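For reference, the structure discussed in these notes is given below.
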Amino acid sequence: MQGRKPFVCGNWKMYKTVRETKVLLEAVLAEARGIEGVEMGVAPPFTSLETAHAALAGSKILLAAQNVHPAKDGAFTGEISVPMLKDVGCSYVIIGHSERRTLFHETDAGCAEKVSAALEGGLRVILCVGETLAERDAEKTLEVVTTQLLGGLSKVAPAQFGSVVVAYEPVWAIGTGRTATPEQAQEVHAHIRKEIGSKYGAEIAAALRIQYGGSVKPDNAEALFSKPDIDGGLIGGAALKSESFIAICKAAASVAGSA
Ligand code: PEP
């Protein structure tokens, strides 16, 4: 992670009612207090954001949303805007998760609109990129990731990069229990940093945090986070239980502490 503060964020997807959110965050908060040197966040479903914001008050854990619409307001039934997310205490929004790209047909151009609106409105962004198994087998990983990366970030001004995090999430590793090896992940992370360096300069590239996501668990987190270009993780399944989420945050803190 080379001087960058690791960021571990739980993506709760469509799990946890309001009551369950309170229970999970109570358990997470009880353990999170002693963790230093790592930024921590949770992304509950929209319906739990306000409750989560209240539960997290006074803690170090940041609140993230899982999606956003680029317009400030308007006739967009079922959508949520940047000002609405700010209003309920969000600091971050996840954009371009592979489930949204695959199941809800999100495009790089659409992600770019969302990224731009989020940054303009004062939210930080986690932009997800990653290849499918077929694309990896066809040796198209780096090409696919580059297209998603530069497409999603196409409207970001250099001065806004401090509010951008990229999450490399190979689609074949999400929710499958099949993790990229630390070496496979590092190769793509280094590539992402190189592409950002070529386009935006070495300083922006060196400061950019790149999370790994895809079946991160307590027993593989430290090996992944120890790689030089991996700056924490975006955590799905393992973020739904306090013990595993906290163990992963501790793994990031331990790597950061020994760096
Ligand atoms: C995710 O949904 O972003 C994710 C990485 O999920 P999981 O950890 O369950 O693979």
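Please note that chains go A, B, ... in the order of the structure tokens, that every chain numbers its residues from 1, and that ligands are numbered from 1 in the order shown.
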
>> Set the distance at 9 Å and use only C-alpha atoms: which residues neighbour A:Leu208 once local chain neighbours fewer than 6 positions away are removed? I'd like the list as a PyMOL selection string.
In response: chain A and resi 4+161-162+164-166+193+196+231

Those same residues - all heavy atoms - I'd like them written as a PDB file, in the first residue's frame.
ATOM      1  N   ARG A   4      -0.064   4.858   1.236  1.00  0.00           N
ATOM      2  CA  ARG A   4      -1.489   5.212   1.128  1.00  0.00           C
ATOM      3  C   ARG A   4      -2.240   4.548   2.282  1.00  0.00           C
ATOM      4  O   ARG A   4      -1.949   3.401   2.627  1.00  0.00           O
ATOM      5  CB  ARG A   4      -2.055   4.721  -0.218  1.00  0.00           C
ATOM      6  CG  ARG A   4      -1.445   5.422  -1.416  1.00  0.00           C
ATOM      7  CD  ARG A   4      -1.917   4.786  -2.709  1.00  0.00           C
ATOM      8  NE  ARG A   4      -1.450   3.428  -2.851  1.00  0.00           N
ATOM      9  CZ  ARG A   4      -0.285   3.073  -3.407  1.00  0.00           C
ATOM     10  NH1 ARG A   4       0.510   3.995  -3.918  1.00  0.00           N
ATOM     11  NH2 ARG A   4       0.081   1.818  -3.480  1.00  0.00           N
ATOM     12  N   PHE A 161      -9.166  13.969  -8.084  1.00  0.00           N
ATOM     13  CA  PHE A 161      -8.734  12.585  -7.862  1.00  0.00           C
ATOM     14  C   PHE A 161      -8.575  12.208  -6.394  1.00  0.00           C
ATOM     15  O   PHE A 161      -8.650  11.025  -6.049  1.00  0.00           O
ATOM     16  CB  PHE A 161      -7.457  12.278  -8.656  1.00  0.00           C
ATOM     17  CG  PHE A 161      -7.768  11.638  -9.979  1.00  0.00           C
ATOM     18  CD1 PHE A 161      -7.969  12.415 -11.097  1.00  0.00           C
ATOM     19  CD2 PHE A 161      -7.928  10.264 -10.088  1.00  0.00           C
ATOM     20  CE1 PHE A 161      -8.300  11.839 -12.318  1.00  0.00           C
ATOM     21  CE2 PHE A 161      -8.267   9.679 -11.294  1.00  0.00           C
ATOM     22  CZ  PHE A 161      -8.447  10.463 -12.416  1.00  0.00           C
ATOM     23  N   GLY A 162      -8.381  13.210  -5.538  1.00  0.00           N
ATOM     24  CA  GLY A 162      -8.279  12.913  -4.113  1.00  0.00           C
ATOM     25  C   GLY A 162      -9.562  12.315  -3.553  1.00  0.00           C
ATOM     26  O   GLY A 162      -9.574  11.704  -2.488  1.00  0.00           O
ATOM     27  N   VAL A 164     -11.398  10.100  -5.299  1.00  0.00           N
ATOM     28  CA  VAL A 164     -11.696   8.903  -6.095  1.00  0.00           C
ATOM     29  C   VAL A 164     -10.931   7.694  -5.555  1.00  0.00           C
ATOM     30  O   VAL A 164      -9.741   7.782  -5.262  1.00  0.00           O
ATOM     31  CB  VAL A 164     -11.305   9.127  -7.583  1.00  0.00           C
ATOM     32  CG1 VAL A 164     -11.439   7.834  -8.388  1.00  0.00           C
ATOM     33  CG2 VAL A 164     -12.153  10.237  -8.206  1.00  0.00           C
ATOM     34  N   VAL A 165     -11.652   6.582  -5.420  1.00  0.00           N
ATOM     35  CA  VAL A 165     -11.060   5.283  -5.106  1.00  0.00           C
ATOM     36  C   VAL A 165     -11.484   4.358  -6.247  1.00  0.00           C
ATOM     37  O   VAL A 165     -12.617   4.450  -6.728  1.00  0.00           O
ATOM     38  CB  VAL A 165     -11.604   4.736  -3.760  1.00  0.00           C
ATOM     39  CG1 VAL A 165     -11.150   3.309  -3.504  1.00  0.00           C
ATOM     40  CG2 VAL A 165     -11.207   5.649  -2.604  1.00  0.00           C
ATOM     41  N   VAL A 166     -10.578   3.496  -6.692  1.00  0.00           N
ATOM     42  CA  VAL A 166     -10.943   2.497  -7.694  1.00  0.00           C
ATOM     43  C   VAL A 166     -10.987   1.138  -6.990  1.00  0.00           C
ATOM     44  O   VAL A 166     -10.138   0.856  -6.137  1.00  0.00           O
ATOM     45  CB  VAL A 166      -9.914   2.478  -8.856  1.00  0.00           C
ATOM     46  CG1 VAL A 166     -10.174   1.295  -9.802  1.00  0.00           C
ATOM     47  CG2 VAL A 166      -9.965   3.797  -9.638  1.00  0.00           C
ATOM     48  N   ARG A 193      -2.691   1.478 -11.919  1.00  0.00           N
ATOM     49  CA  ARG A 193      -1.877   2.622 -11.490  1.00  0.00           C
ATOM     50  C   ARG A 193      -1.053   3.161 -12.669  1.00  0.00           C
ATOM     51  O   ARG A 193      -0.890   4.373 -12.825  1.00  0.00           O
ATOM     52  CB  ARG A 193      -0.979   2.209 -10.306  1.00  0.00           C
ATOM     53  CG  ARG A 193      -0.560   3.385  -9.454  1.00  0.00           C
ATOM     54  CD  ARG A 193       0.207   2.989  -8.201  1.00  0.00           C
ATOM     55  NE  ARG A 193      -0.509   2.145  -7.277  1.00  0.00           N
ATOM     56  CZ  ARG A 193      -1.530   2.548  -6.508  1.00  0.00           C
ATOM     57  NH1 ARG A 193      -1.943   3.801  -6.570  1.00  0.00           N
ATOM     58  NH2 ARG A 193      -2.134   1.712  -5.685  1.00  0.00           N
ATOM     59  N   ILE A 196      -3.336   5.185 -14.997  1.00  0.00           N
ATOM     60  CA  ILE A 196      -3.657   6.492 -14.397  1.00  0.00           C
ATOM     61  C   ILE A 196      -2.434   7.404 -14.491  1.00  0.00           C
ATOM     62  O   ILE A 196      -2.544   8.593 -14.798  1.00  0.00           O
ATOM     63  CB  ILE A 196      -4.117   6.313 -12.918  1.00  0.00           C
ATOM     64  CG1 ILE A 196      -5.448   5.543 -12.869  1.00  0.00           C
ATOM     65  CG2 ILE A 196      -4.244   7.656 -12.197  1.00  0.00           C
ATOM     66  CD1 ILE A 196      -6.641   6.266 -13.491  1.00  0.00           C
ATOM     67  N   ASP A 231      -4.719  -1.460  -1.858  1.00  0.00           N
ATOM     68  CA  ASP A 231      -4.909  -0.511  -0.750  1.00  0.00           C
ATOM     69  C   ASP A 231      -6.214  -0.782  -0.010  1.00  0.00           C
ATOM     70  O   ASP A 231      -7.089   0.092   0.090  1.00  0.00           O
ATOM     71  CB  ASP A 231      -4.910   0.921  -1.307  1.00  0.00           C
ATOM     72  CG  ASP A 231      -3.703   1.194  -2.188  1.00  0.00           C
ATOM     73  OD1 ASP A 231      -2.579   0.967  -1.722  1.00  0.00           O
ATOM     74  OD2 ASP A 231      -3.888   1.622  -3.345  1.00  0.00           O
TER      75      ASP A 231
END

> If we count only C-alpha atoms, what is near A:Glu36 at a cut-off of 10 Å, once residues fewer than 4 positions away on the same chain are taken out, given as a VMD selection string?
Replying inline: chain A and resid 32 40 60 249 to 250 252 to 254 256 to 257

>> Using only C-alpha atoms, can you tell me which of A:Leu149, A:Ala221, A:Val18, A:Leu24 comes closest to A:Leu49?
In response: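 The answer is A:Val18, which sits nearest to A:Leu49.
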
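For A:Ala180, the non-local neighbours within 12 Å, defined as residues at least 6 positions apart in the same chain or in other chains and counting only C-alpha atoms, are Gly130, Glu131, Leu133, Arg136, Tyr168, Glu169, Pro170, Val171, Trp172, Ala173, Ile174, Gln186, Glu187, Val188, His189, Tyr212, Gly213, Gly214, Ser215, Val216, Lys217, Asn220, Ala221, Ala223 and Leu224 of chain A.
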
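Of the residues under consideration (A:His69, A:Glu39, A:Lys199, A:Pro45), A:Glu39 shows the shortest atom-to-atom contact distance to A:Lys5 when counting only C-alpha atoms.
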
>> Nearest residue to A:Val93 out of A:Ala138, A:Ile35, A:Leu56, A:Val42, using only C-alpha atoms?
In response: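 Nearest candidate to A:Val93 out of A:Ala138, A:Ile35, A:Leu56, A:Val42: A:Val42.
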
>> If we count only C-alpha atoms and set the cut-off at 10 Å, which residues sit around A:Ala238, ignoring sequence neighbours fewer than 3 positions away in its own chain? Please answer as a PyMOL selection string.
In response: chain A and resi 10-12+175+215-218+234-235+241-248

>> Please determine, counting only C-alpha atoms and all ligand atoms, which residue among A:Glu106, A:Asp219, A:Glu20, A:Glu99 has the shortest atom-to-atom distance to ligand 1.
In response: A:Glu99

> When DSSP works through the backbone of this structure, what residues of stretch 35-120 of chain A end up as helix (DSSP H, G or I), shown as a VMD selection string?
Replying inline: chain A and resid 46 to 56 82 to 87 98 to 103 108 to 120
